[in-house]
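Participant: One file is attached below, upload.tsv, containing TSV, C-alpha atoms and all ligand atoms.
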chain	number	residue	atom	x	y	z
A	44	MET	CA	-53.50	-43.50	58.37
A	45	GLU	CA	-52.36	-41.77	61.56
A	46	LYS	CA	-52.64	-38.53	59.57
A	47	LEU	CA	-56.47	-38.74	59.51
A	48	VAL	CA	-57.88	-35.93	61.65
A	49	SER	CA	-60.80	-38.15	62.65
A	50	ASN	CA	-58.28	-40.25	64.61
A	51	TRP	CA	-56.99	-37.31	66.66
A	52	TYR	CA	-59.38	-37.48	69.56
A	53	SER	CA	-57.06	-35.99	72.12
A	54	VAL	CA	-55.32	-33.11	70.33
A	55	GLN	CA	-55.49	-30.03	72.58
A	56	SER	CA	-53.85	-27.44	70.37
A	57	LEU	CA	-53.72	-26.98	66.64
A	58	PRO	CA	-50.50	-28.36	65.12
A	59	GLU	CA	-48.35	-25.75	63.33
A	60	THR	CA	-48.89	-27.34	59.90
A	61	TYR	CA	-52.62	-26.53	60.13
A	62	VAL	CA	-52.14	-22.83	60.91
A	63	PHE	CA	-52.96	-20.85	57.75
A	64	PRO	CA	-51.32	-17.49	56.95
A	65	PRO	CA	-53.27	-14.52	58.40
A	66	ASP	CA	-54.85	-13.48	55.08
A	67	GLN	CA	-56.43	-16.91	54.62
A	68	ARG	CA	-57.52	-17.61	58.21
A	69	PRO	CA	-61.19	-17.25	59.07
A	70	GLY	CA	-60.22	-15.33	62.24
A	71	LYS	CA	-62.47	-14.88	65.23
A	72	LEU	CA	-64.97	-12.85	63.28
A	73	ILE	CA	-68.46	-14.33	63.36
A	74	VAL	CA	-69.64	-14.61	59.77
A	75	PRO	CA	-73.36	-13.79	59.36
A	76	LEU	CA	-75.65	-16.46	57.94
A	77	CYS	CA	-77.08	-15.40	54.63
A	78	LYS	CA	-80.82	-15.00	54.58
A	79	THR	CA	-81.01	-14.01	50.94
A	80	ILE	CA	-79.69	-17.11	49.17
A	81	PRO	CA	-82.88	-18.43	47.56
A	82	VAL	CA	-84.59	-21.52	48.93
A	83	ILE	CA	-86.46	-23.05	46.02
A	84	ASP	CA	-89.44	-25.33	46.55
A	85	LEU	CA	-89.15	-27.98	43.85
A	86	GLY	CA	-92.43	-29.55	44.96
A	87	LYS	CA	-94.08	-26.70	43.12
A	88	ALA	CA	-92.39	-27.59	39.82
A	89	GLU	CA	-94.80	-30.46	39.48
A	90	ASP	CA	-97.82	-28.28	39.05
A	91	HIS	CA	-98.26	-25.07	37.16
A	92	ASP	CA	-95.38	-23.01	38.56
A	93	GLN	CA	-92.65	-24.57	36.44
A	94	SER	CA	-91.67	-21.32	34.69
A	95	ASP	CA	-91.55	-19.52	38.02
A	96	ILE	CA	-89.15	-22.16	39.38
A	97	VAL	CA	-87.00	-21.91	36.27
A	98	GLN	CA	-86.75	-18.18	36.80
A	99	GLN	CA	-85.88	-18.56	40.49
A	100	ILE	CA	-83.10	-21.03	39.68
A	101	LEU	CA	-81.72	-18.82	36.96
A	102	ASN	CA	-81.76	-15.69	39.11
A	103	ALA	CA	-80.07	-17.49	42.00
A	104	SER	CA	-77.42	-18.96	39.69
A	105	GLN	CA	-76.70	-15.54	38.24
A	106	GLU	CA	-76.57	-13.63	41.48
A	107	PHE	CA	-75.07	-16.12	43.93
A	108	GLY	CA	-74.16	-19.26	42.03
A	109	PHE	CA	-75.78	-20.93	45.06
A	110	PHE	CA	-79.31	-21.89	46.01
A	111	GLN	CA	-81.00	-24.44	48.24
A	112	VAL	CA	-83.77	-26.81	47.24
A	113	ILE	CA	-86.55	-28.27	49.40
A	114	ASN	CA	-89.26	-30.80	48.50
A	115	HIS	CA	-86.64	-32.16	46.13
A	116	GLY	CA	-87.96	-35.71	45.90
A	117	VAL	CA	-85.05	-37.46	47.65
A	118	SER	CA	-86.69	-39.23	50.56
A	119	GLU	CA	-85.98	-37.89	54.01
A	120	ASN	CA	-85.45	-41.38	55.45
A	121	LEU	CA	-82.87	-42.19	52.82
A	122	VAL	CA	-80.98	-38.96	53.51
A	123	ASP	CA	-81.05	-39.58	57.29
A	124	ASP	CA	-79.88	-43.12	56.74
A	125	THR	CA	-77.02	-41.97	54.51
A	126	VAL	CA	-75.98	-39.30	57.01
A	127	SER	CA	-75.81	-41.81	59.88
A	128	LEU	CA	-73.99	-44.31	57.70
A	129	PHE	CA	-71.19	-41.84	56.94
A	130	LYS	CA	-70.96	-40.83	60.62
A	131	GLU	CA	-70.55	-44.50	61.39
A	132	PHE	CA	-67.93	-44.82	58.65
A	133	PHE	CA	-65.71	-42.06	60.06
A	134	ASN	CA	-66.09	-43.48	63.59
A	135	MET	CA	-65.04	-47.00	62.59
A	136	PRO	CA	-61.91	-48.41	64.21
A	137	ASP	CA	-58.61	-47.80	62.42
A	138	GLU	CA	-58.32	-51.31	61.03
A	139	ASP	CA	-61.62	-50.94	59.18
A	140	LYS	CA	-60.69	-47.55	57.76
A	141	ALA	CA	-57.24	-48.81	56.77
A	142	SER	CA	-58.62	-50.96	53.96
A	143	VAL	CA	-60.03	-47.85	52.24
A	144	TYR	CA	-57.21	-45.42	53.10
A	145	SER	CA	-55.03	-44.47	50.13
A	146	GLU	CA	-52.80	-41.59	49.07
A	147	ASP	CA	-52.83	-42.82	45.48
A	148	SER	CA	-54.88	-40.39	43.40
A	149	ASN	CA	-55.38	-43.04	40.71
A	150	LYS	CA	-57.40	-45.27	43.01
A	151	SER	CA	-61.10	-44.88	42.29
A	152	CYS	CA	-62.25	-45.22	45.90
A	153	LYS	CA	-60.13	-43.66	48.60
A	154	LEU	CA	-60.11	-42.26	52.10
A	155	PHE	CA	-57.47	-39.60	52.71
A	156	THR	CA	-56.92	-36.48	54.76
A	157	SER	CA	-56.56	-32.81	53.76
A	158	SER	CA	-55.86	-33.04	50.01
A	159	LEU	CA	-54.30	-35.54	47.62
A	160	ASN	CA	-51.29	-33.23	47.61
A	161	TYR	CA	-50.59	-33.79	51.33
A	162	ALA	CA	-46.87	-34.38	50.90
A	163	ASN	CA	-46.30	-31.06	49.08
A	164	GLU	CA	-48.95	-28.72	50.44
A	165	GLU	CA	-47.87	-25.87	52.68
A	166	PHE	CA	-50.79	-26.13	55.12
A	167	HIS	CA	-53.05	-29.05	55.84
A	168	LEU	CA	-56.83	-28.86	55.86
A	169	TRP	CA	-58.76	-29.96	58.91
A	170	ARG	CA	-60.80	-32.59	57.09
A	171	ASP	CA	-60.82	-36.19	56.06
A	172	ASN	CA	-62.37	-37.15	52.75
A	173	LEU	CA	-63.86	-40.30	51.31
A	174	ARG	CA	-64.58	-40.28	47.59
A	175	HIS	CA	-65.52	-42.57	44.78
A	176	PRO	CA	-67.36	-42.47	41.46
A	177	CYS	CA	-70.98	-43.59	41.58
A	178	HIS	CA	-72.36	-43.67	38.06
A	179	PRO	CA	-73.03	-46.09	36.53
A	180	LEU	CA	-73.49	-48.00	39.78
A	181	GLU	CA	-72.74	-51.45	38.30
A	182	GLU	CA	-69.34	-50.26	37.17
A	183	TRP	CA	-68.15	-48.68	40.43
A	184	MET	CA	-69.92	-50.27	43.35
A	185	GLN	CA	-67.47	-53.19	43.50
A	186	PHE	CA	-64.72	-50.71	44.53
A	187	TRP	CA	-66.73	-49.09	47.33
A	188	PRO	CA	-66.13	-49.72	51.05
A	189	GLU	CA	-67.57	-52.97	52.43
A	190	LYS	CA	-68.04	-51.57	55.91
A	191	PRO	CA	-70.41	-50.56	57.43
A	192	THR	CA	-72.13	-53.61	55.92
A	193	ARG	CA	-75.05	-51.65	54.48
A	194	TYR	CA	-72.70	-49.17	52.76
A	195	ARG	CA	-73.26	-50.26	49.16
A	196	GLU	CA	-77.02	-50.60	49.46
A	197	VAL	CA	-77.59	-47.24	51.16
A	198	VAL	CA	-75.05	-45.21	49.20
A	199	GLY	CA	-76.18	-46.86	45.94
A	200	THR	CA	-79.77	-45.76	46.49
A	201	TYR	CA	-78.69	-42.29	47.66
A	202	SER	CA	-76.47	-41.78	44.60
A	203	ALA	CA	-79.19	-42.83	42.19
A	204	GLU	CA	-81.79	-40.55	43.79
A	205	VAL	CA	-79.45	-37.57	43.93
A	206	ARG	CA	-78.59	-38.22	40.27
A	207	GLU	CA	-82.28	-37.95	39.38
A	208	LEU	CA	-82.50	-34.68	41.29
A	209	SER	CA	-79.42	-33.22	39.63
A	210	LEU	CA	-80.66	-34.12	36.15
A	211	ARG	CA	-83.95	-32.47	36.98
A	212	ILE	CA	-82.22	-29.29	38.10
A	213	LEU	CA	-80.03	-29.33	34.98
A	214	GLN	CA	-83.17	-29.67	32.86
A	215	LEU	CA	-84.64	-26.58	34.55
A	216	ILE	CA	-81.39	-24.68	33.96
A	217	CYS	CA	-81.41	-25.84	30.34
A	218	GLU	CA	-84.88	-24.39	29.93
A	219	GLY	CA	-83.95	-21.17	31.68
A	220	LEU	CA	-80.96	-20.64	29.41
A	221	GLY	CA	-83.03	-21.47	26.33
A	222	LEU	CA	-80.81	-24.36	25.28
A	223	GLU	CA	-81.90	-27.25	23.14
A	224	GLN	CA	-83.90	-29.86	25.09
A	225	GLY	CA	-81.69	-32.36	26.93
A	226	TYR	CA	-78.51	-30.28	26.46
A	227	PHE	CA	-76.92	-31.53	29.70
A	228	ARG	CA	-78.42	-34.99	29.75
A	229	ASP	CA	-75.75	-37.13	28.12
A	230	GLU	CA	-72.00	-36.48	27.91
A	231	LEU	CA	-72.01	-33.29	29.99
A	232	ALA	CA	-73.53	-34.99	33.04
A	233	LYS	CA	-72.16	-38.44	32.43
A	234	CYS	CA	-69.98	-38.75	35.51
A	235	GLN	CA	-70.82	-38.53	39.19
A	236	LEU	CA	-68.41	-38.45	42.11
A	237	LEU	CA	-69.44	-38.80	45.72
A	238	SER	CA	-67.16	-36.85	48.05
A	239	VAL	CA	-67.79	-37.02	51.78
A	240	ASN	CA	-66.04	-34.47	53.96
A	241	HIS	CA	-65.61	-35.10	57.63
A	242	TYR	CA	-64.53	-32.14	59.77
A	243	PRO	CA	-63.97	-33.25	63.38
A	244	PRO	CA	-64.15	-30.66	66.18
A	245	CYS	CA	-61.09	-28.46	65.81
A	246	PRO	CA	-58.96	-27.05	68.66
A	247	ASP	CA	-58.78	-23.60	67.01
A	248	PRO	CA	-61.20	-22.92	64.13
A	249	SER	CA	-60.00	-19.31	63.80
A	250	LEU	CA	-56.58	-20.38	62.50
A	251	THR	CA	-57.40	-23.12	60.04
A	252	LEU	CA	-59.79	-24.20	57.30
A	253	GLY	CA	-61.73	-27.32	56.41
A	254	LEU	CA	-61.54	-26.45	52.71
A	255	HIS	CA	-59.79	-23.42	51.26
A	256	LYS	CA	-61.39	-20.91	48.93
A	257	HIS	CA	-62.23	-22.61	45.63
A	258	CYS	CA	-64.77	-22.97	42.85
A	259	ASP	CA	-65.93	-26.45	41.95
A	260	PRO	CA	-64.31	-27.77	38.74
A	261	ASN	CA	-67.39	-29.73	37.60
A	262	LEU	CA	-70.78	-28.86	36.07
A	263	ILE	CA	-73.01	-28.70	39.13
A	264	THR	CA	-72.74	-29.74	42.79
A	265	ILE	CA	-75.49	-31.05	45.10
A	266	LEU	CA	-74.40	-30.83	48.72
A	267	HIS	CA	-75.97	-32.10	51.90
A	268	GLN	CA	-74.57	-30.11	54.80
A	269	GLY	CA	-76.73	-31.36	57.65
A	270	ASP	CA	-77.40	-29.13	60.62
A	271	VAL	CA	-73.92	-27.79	61.40
A	272	CYS	CA	-72.73	-24.45	59.97
A	273	GLY	CA	-69.46	-24.30	58.06
A	274	LEU	CA	-70.04	-23.57	54.37
A	275	GLN	CA	-69.31	-19.98	53.35
A	276	VAL	CA	-69.50	-18.10	50.07
A	277	ILE	CA	-68.04	-14.75	49.01
A	278	LYS	CA	-70.73	-12.22	48.20
A	279	ASP	CA	-69.71	-8.64	47.35
A	280	GLY	CA	-66.26	-9.24	48.78
A	281	GLN	CA	-67.54	-10.61	52.13
A	282	TRP	CA	-67.75	-14.14	53.43
A	283	ILE	CA	-71.28	-15.17	54.31
A	284	GLY	CA	-72.51	-18.44	55.79
A	285	ILE	CA	-74.93	-20.77	54.03
A	286	GLU	CA	-77.66	-21.56	56.50
A	287	PRO	CA	-78.19	-25.24	57.32
A	288	LEU	CA	-81.86	-25.96	56.60
A	289	PRO	CA	-83.70	-29.18	57.44
A	290	ASN	CA	-84.34	-31.51	54.49
A	291	ALA	CA	-82.58	-29.25	52.02
A	292	PHE	CA	-79.79	-29.66	49.51
A	293	VAL	CA	-77.39	-26.86	48.68
A	294	VAL	CA	-76.79	-26.55	44.94
A	295	ASN	CA	-73.91	-24.66	43.35
A	296	ILE	CA	-72.78	-23.88	39.85
A	297	GLY	CA	-69.40	-25.29	38.77
A	298	TYR	CA	-66.86	-23.87	36.30
A	299	GLN	CA	-68.34	-25.85	33.40
A	300	LEU	CA	-71.78	-24.26	33.75
A	301	GLN	CA	-70.21	-20.81	33.93
A	302	ILE	CA	-68.33	-21.50	30.71
A	303	ILE	CA	-71.22	-23.17	28.83
A	304	SER	CA	-73.55	-20.31	29.82
A	305	ASN	CA	-70.87	-17.89	28.54
A	306	GLY	CA	-70.57	-16.25	31.93
A	307	LYS	CA	-74.30	-15.85	32.51
A	308	LEU	CA	-74.30	-18.27	35.47
A	309	LYS	CA	-71.64	-17.74	38.11
A	310	CYS	CA	-69.48	-20.34	39.73
A	311	PRO	CA	-69.05	-18.96	43.24
A	312	GLU	CA	-65.94	-19.04	45.41
A	313	HIS	CA	-66.64	-20.87	48.63
A	314	ARG	CA	-64.84	-22.52	51.55
A	315	ALA	CA	-65.55	-24.60	54.64
A	316	VAL	CA	-64.62	-23.54	58.16
A	317	THR	CA	-64.42	-25.79	61.20
A	318	ASN	CA	-65.84	-25.47	64.69
A	319	SER	CA	-64.66	-26.55	68.13
A	320	LYS	CA	-67.86	-28.20	69.34
A	321	GLU	CA	-69.17	-30.81	66.96
A	322	ALA	CA	-68.08	-32.88	64.01
A	323	ARG	CA	-69.51	-31.85	60.64
A	324	THR	CA	-70.02	-34.32	57.81
A	325	THR	CA	-71.02	-33.10	54.36
A	326	ILE	CA	-72.10	-35.36	51.51
A	327	VAL	CA	-71.17	-33.82	48.20
A	328	THR	CA	-72.26	-35.03	44.77
A	329	PHE	CA	-70.25	-33.66	41.85
A	330	ILE	CA	-71.82	-34.03	38.41
A	331	TYR	CA	-69.23	-33.66	35.66
A	332	PRO	CA	-68.66	-34.31	31.95
A	333	SER	CA	-66.85	-37.31	30.49
A	334	LEU	CA	-63.14	-36.55	30.03
A	335	ASP	CA	-63.36	-36.27	26.24
A	336	SER	CA	-66.44	-33.99	26.23
A	337	VAL	CA	-65.86	-30.74	24.42
A	338	ILE	CA	-66.84	-27.78	26.57
A	339	GLU	CA	-67.53	-24.37	25.06
A	340	PRO	CA	-70.03	-21.54	25.38
A	341	ALA	CA	-73.35	-22.83	24.00
A	342	GLU	CA	-74.05	-21.72	20.44
A	343	GLU	CA	-77.47	-20.40	21.42
A	344	LEU	CA	-75.89	-17.95	23.88
A	345	VAL	CA	-73.24	-16.52	21.59
A	346	ASN	CA	-73.78	-13.84	18.95
A	347	GLU	CA	-72.25	-10.58	17.77
A	348	CYS	CA	-73.32	-8.72	20.88
A	349	ASN	CA	-72.31	-11.62	23.12
A	350	PRO	CA	-69.03	-12.96	21.79
A	351	PRO	CA	-67.71	-16.16	23.37
A	352	LEU	CA	-65.77	-15.40	26.55
A	353	TYR	CA	-64.06	-18.80	26.69
A	354	ARG	CA	-62.31	-21.07	24.24
A	355	ALA	CA	-63.32	-24.67	23.56
A	356	PHE	CA	-61.48	-27.45	25.38
A	357	GLN	CA	-61.84	-31.04	26.46
A	358	TYR	CA	-62.99	-31.59	30.04
A	359	GLY	CA	-60.00	-33.83	30.75
A	360	GLU	CA	-57.66	-30.95	29.94
A	361	PHE	CA	-59.55	-28.65	32.30
A	362	SER	CA	-59.38	-31.18	35.05
A	363	SER	CA	-55.58	-31.38	34.76
A	364	THR	CA	-55.26	-27.57	34.67
A	365	TYR	CA	-57.39	-27.31	37.81
A	366	THR	CA	-55.16	-29.73	39.66
A	367	ALA	CA	-51.98	-28.05	38.39
A	368	CYS	CA	-53.23	-24.58	39.47
A	369	ASN	CA	-54.20	-25.95	42.88
A	370	GLY	CA	-57.70	-24.72	42.20
A	371	ASP	CA	-56.67	-21.04	42.21
A	372	THR	CA	-59.71	-19.38	40.56
A	373	GLU	CA	-57.99	-16.63	38.57
A	374	THR	CA	-55.23	-18.85	37.20
A	375	VAL	CA	-57.68	-21.58	36.21
A	376	LEU	CA	-59.99	-19.24	34.30
A	377	GLU	CA	-57.10	-17.36	32.65
A	378	ALA	CA	-56.21	-20.53	30.78
A	379	TYR	CA	-59.65	-20.59	29.10
A	380	LYS	CA	-60.58	-16.93	28.73
A	381	LEU	CA	-60.66	-15.33	25.29
A	382	ARG	CA	-59.67	-11.69	24.97
A	383	VAL	CA	-62.72	-9.82	23.75
B	401	LIG	C1	-66.62	-29.21	48.24
B	401	LIG	C2	-67.17	-28.18	49.14
B	401	LIG	C3	-68.15	-27.63	51.28
B	401	LIG	C4	-68.53	-28.24	52.59
B	401	LIG	O1	-66.56	-30.37	48.66
B	401	LIG	O2	-66.24	-28.84	47.10
B	401	LIG	O3	-67.16	-27.04	48.78
B	401	LIG	O4	-69.21	-27.55	53.35
B	401	LIG	N1	-67.62	-28.56	50.35
B	401	LIG	O5	-68.14	-29.39	52.85
B	402	NI	NI	-66.73	-26.90	46.66
Kindly return the structure encoded in the file as C-alpha cells.
Ligand code: OGA
Ligand code: NI
Facilitator:
Amino acid sequence: MEKLVSNWYSVQSLPETYVFPPDQRPGKLIVPLCKTIPVIDLGKAEDHDQSDIVQQILNASQEFGFFQVINHGVSENLVDDTVSLFKEFFNMPDEDKASVYSEDSNKSCKLFTSSLNYANEEFHLWRDNLRHPCHPLEEWMQFWPEKPTRYREVVGTYSAEVRELSLRILQLICEGLGLEQGYFRDELAKCQLLSVNHYPPCPDPSLTLGLHKHCDPNLITILHQGDVCGLQVIKDGQWIGIEPLPNAFVVNIGYQLQIISNGKLKCPEHRAVTNSKEARTTIVTFIYPSLDSVIEPAEELVNECNPPLYRAFQYGEFSSTYTACNGDTETVLEAYKLRV
C-alpha cells in the first residue's frame, strides 16, 4: 500500500527507481499537441451523414489509429459524476483504499501501482491503477469497491453507456471495412475492463513516465482523459500530444482490430507522461474478445492480392504472449505475423 504514488504527498525529488533510461525518458522537450487527429461528431450519424462518418472513422483509424468523438451520446453529467467519483476514490484515506489494494493479478478488482510486475520491473511507472471487469454488470459488480458509497451505481451506469458507445463505433467500423453485419457484436466484444489511471503531480516529469510506450492488446479502447495533457502518440517517428477536448472521448484501435482488418487499421504506439502541477485521472474502457475467441484476418478482407498477414489464434493465447513480452510491440506482433 505504501507503494501507491497517490500516497506520496511530500516527495520532493524523484526516487531512483522511477528514473527511466535516457532513450525512454520524455526529456524536457515540449511535445506539440496534435491538431490533425480527427474529431468526429457522432451526433451527425443520426441523420443523413452516416456514410461520411464511417469514412472519417476509417480514415482516422488507418492514418493515426486514434480519433476523438464528440456528441457521443454518453451524458455529460454522468461523465462529470464519474470523473469526480474517481478523484474521490484516489483521495480516500489509506484504510479505505487498503480493502481494494492487491498485487494478485488473478483478483478481478484491484488497486495497484505501476504495473502488476512491480517486483520484477526495472523502472516503476508514476501511476496508480484501479481496474475491474464491467460486463455483464450483474456478474462483476459484487467485486467492485464499496467506497465511495455511490461507486457501484455511478460506475455501473457509466460502463453500460460507454459499452453502447463502443458497440456503435464498432458497428461503424464494421460497415467501413465491409464486414458482415454485426461482425464485432458478440464474442469479439464480449468483455469489458475498466482501467482507471491516476497520475499524481510528479517531482520530475522529464525523467519518468506514467505509462511506457505500448499498443493496447484489446479490440478497441475508449478513453476519457479529462482536461489535463499527458497522452502521446507516435506519428511519423515523433511523439505528439493528444489534445484534451471538453466532452470528448479518445478512441484507439487495439491489436485485435489491426489483425482482423489484416493491417488496414493501425494500432498506434502511445504512452502517458506526467506533469508537476496537477493530478491527472484517465478512465479507460477496454473492449476485448472472450478468451476462447478465434482471431484472424476477416475472410472478406483477404484474397490473392491481399494475403493474410497474421495467423489465426485464440485471444487467450495472445493475452499471455502480450504479458510475457511486456507489451513490446515488435515482439508481440512477430509471434502472429505470417511471412508473405
Ligand atoms: C492505457 C493508456 C493513456 C492515458 O491505459 O492503455 O494508454 O493517458 N492510457 O492514461
Ligand atoms: Ni493504452
Participant: Using only C-alpha atoms, pick whichever of A:Pro75, A:Arg195, A:Val48, A:Gln111 has the shortest atom-to-atom distance to A:Leu288.
Facilitator: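 Distance minimum relative to A:Leu288 lands on A:Gln111.
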Participant: Counting only C-alpha atoms and all ligand atoms, which residues in chain A sit no more than 7 Å from ligand NI 402 (chain B)? For each one, give the nearest pair of atoms and the distance in Å, sorted by chain then residue number, as a tab-separated table.
Facilitator:
residue	atom	partner	partner_atom	distance
A:His257	CA	B:NI402	NI	6.3
A:Cys258	CA	B:NI402	NI	5.8
A:Asp259	CA	B:NI402	NI	4.8
A:His313	CA	B:NI402	NI	6.3
A:Arg314	CA	B:NI402	NI	6.8
Participant: Using all atoms listed in the file for the distances, tell me which of A:Ala367, A:Leu168, A:Val383, A:Met184 is nearest to ligand LIG 401 (chain B).
Facilitator: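 Using all atoms listed in the file, the shortest distance to ligand LIG 401 (chain B) belongs to A:Leu168.
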Participant: Which chain A residues have any atom within 8 Å of an atom of ligand LIG 401 (chain B), and for each, what is the nearest pair of atoms with distance in Å to one decimal, counting only C-alpha atoms and all ligand atoms, rows sorted by chain and number, as CSV?
Facilitator:
residue,atom,partner,partner_atom,distance
A:Ser238,CA,B:LIG401,O1,6.5
A:Val239,CA,B:LIG401,O1,7.4
A:Asn240,CA,B:LIG401,O5,5.6
A:His241,CA,B:LIG401,O5,7.9
A:Gly253,CA,B:LIG401,O5,7.6
A:Leu254,CA,B:LIG401,N1,6.9
A:His257,CA,B:LIG401,O3,7.3
A:Cys258,CA,B:LIG401,O2,7.4
A:Asp259,CA,B:LIG401,O2,5.7
A:Thr264,CA,B:LIG401,O2,7.9
A:Leu266,CA,B:LIG401,N1,7.3
A:Gln268,CA,B:LIG401,O4,6.1
A:Gly273,CA,B:LIG401,O4,5.7
A:Leu274,CA,B:LIG401,O4,4.2
A:Gln275,CA,B:LIG401,O4,7.6
A:His313,CA,B:LIG401,O3,6.2
A:Arg314,CA,B:LIG401,O3,5.8
A:Ala315,CA,B:LIG401,O4,4.9
A:Val316,CA,B:LIG401,O4,7.8
A:Thr324,CA,B:LIG401,O5,7.2
A:Thr325,CA,B:LIG401,O5,4.9
A:Ile326,CA,B:LIG401,O5,7.3
A:Val327,CA,B:LIG401,O1,5.8
Participant: For A:Val54, which residue out of A:Cys245, A:Ala141, A:Leu72, A:Val271 is the nearest one, using all atoms listed in the file?
Facilitator: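 The shortest atom-to-atom distance to A:Val54 comes from A:Cys245.
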Participant: Which polymer residues have any atom within 9 Å of an atom of A:Leu128, counting all atoms listed in the file, with same-chain residues fewer than 4 positions away left out, as a ChimeraX atom specification?
Facilitator: /A:123-124,132-133,191,193-194,197-198
Participant: Could you tell me how far atom CA of A:Val276 sits from atom CA of A:Phe109, in Å to one decimal place?
Facilitator: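 Result for atom CA of A:Phe109 versus atom CA of A:Val276: 8.5 Å, one decimal.
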Participant: So the first atom is atom CA of A:His175 and the second is atom CA of A:Asn160; what is the distance between them in Å, to one decimal place?
Facilitator: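 Answer for the atom CA of A:His175 to atom CA of A:Asn160 separation: 17.3 Å.
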Participant: At most 8 Å is the cut-off: for each residue in stretch 78-191 of chain A with any atom that close to an atom of stretch 290-294 of chain A, write down the nearest atom pair and the distance in Å rounded to one decimal, counting all atoms listed in the file, chain first then increasing number, as JSON lines.
Facilitator:
{"residue": "A:Phe109", "atom": "CA", "partner": "A:Val294", "partner_atom": "CA", "distance": 5.7}
{"residue": "A:Phe110", "atom": "CA", "partner": "A:Val294", "partner_atom": "CA", "distance": 5.4}
{"residue": "A:Gln111", "atom": "CA", "partner": "A:Val293", "partner_atom": "CA", "distance": 4.4}
{"residue": "A:Val112", "atom": "CA", "partner": "A:Phe292", "partner_atom": "CA", "distance": 5.4}
{"residue": "A:Ile113", "atom": "CA", "partner": "A:Ala291", "partner_atom": "CA", "distance": 4.9}
{"residue": "A:Asn114", "atom": "CA", "partner": "A:Ala291", "partner_atom": "CA", "distance": 7.7}
{"residue": "A:His115", "atom": "CA", "partner": "A:Ala291", "partner_atom": "CA", "distance": 7.7}
{"residue": "A:Glu119", "atom": "CA", "partner": "A:Asn290", "partner_atom": "CA", "distance": 6.6}
Participant: Report, in Å to a single decimal, how far apart atom CA of A:Gly116 and atom CA of A:Glu207 are.
Facilitator: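 Taking atom CA of A:Glu207 as the start and atom CA of A:Gly116 as the end point, the length is 8.9 Å.
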Participant: Under the rule that all atoms listed in the file are counted, which of A:Ile212, A:Leu381, A:Cys272, A:Leu173 is the nearest residue to A:Lys320?
Facilitator: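 Residue with the minimum atom-to-atom distance to A:Lys320: A:Cys272.
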Participant: Can you tell me, as a PDB file with C-alpha atoms, in the frame of the given file, what residues are no more than 10 Å from A:Ala355 when counting all atoms listed in the file, ignoring any on the same chain fewer than 2 positions away?
Facilitator:
ATOM      1  CA  ILE A 302     -68.330 -21.500  30.710  1.00  0.00           C
ATOM      2  CA  ILE A 303     -71.220 -23.170  28.830  1.00  0.00           C
ATOM      3  CA  VAL A 337     -65.860 -30.740  24.420  1.00  0.00           C
ATOM      4  CA  ILE A 338     -66.840 -27.780  26.570  1.00  0.00           C
ATOM      5  CA  GLU A 339     -67.530 -24.370  25.060  1.00  0.00           C
ATOM      6  CA  PRO A 340     -70.030 -21.540  25.380  1.00  0.00           C
ATOM      7  CA  PRO A 351     -67.710 -16.160  23.370  1.00  0.00           C
ATOM      8  CA  TYR A 353     -64.060 -18.800  26.690  1.00  0.00           C
ATOM      9  CA  GLN A 357     -61.840 -31.040  26.460  1.00  0.00           C
ATOM     10  CA  TYR A 358     -62.990 -31.590  30.040  1.00  0.00           C
ATOM     11  CA  TYR A 379     -59.650 -20.590  29.100  1.00  0.00           C
ATOM     12  CA  LYS A 380     -60.580 -16.930  28.730  1.00  0.00           C
ATOM     13  CA  LEU A 381     -60.660 -15.330  25.290  1.00  0.00           C
TER      14      LEU A 381
END
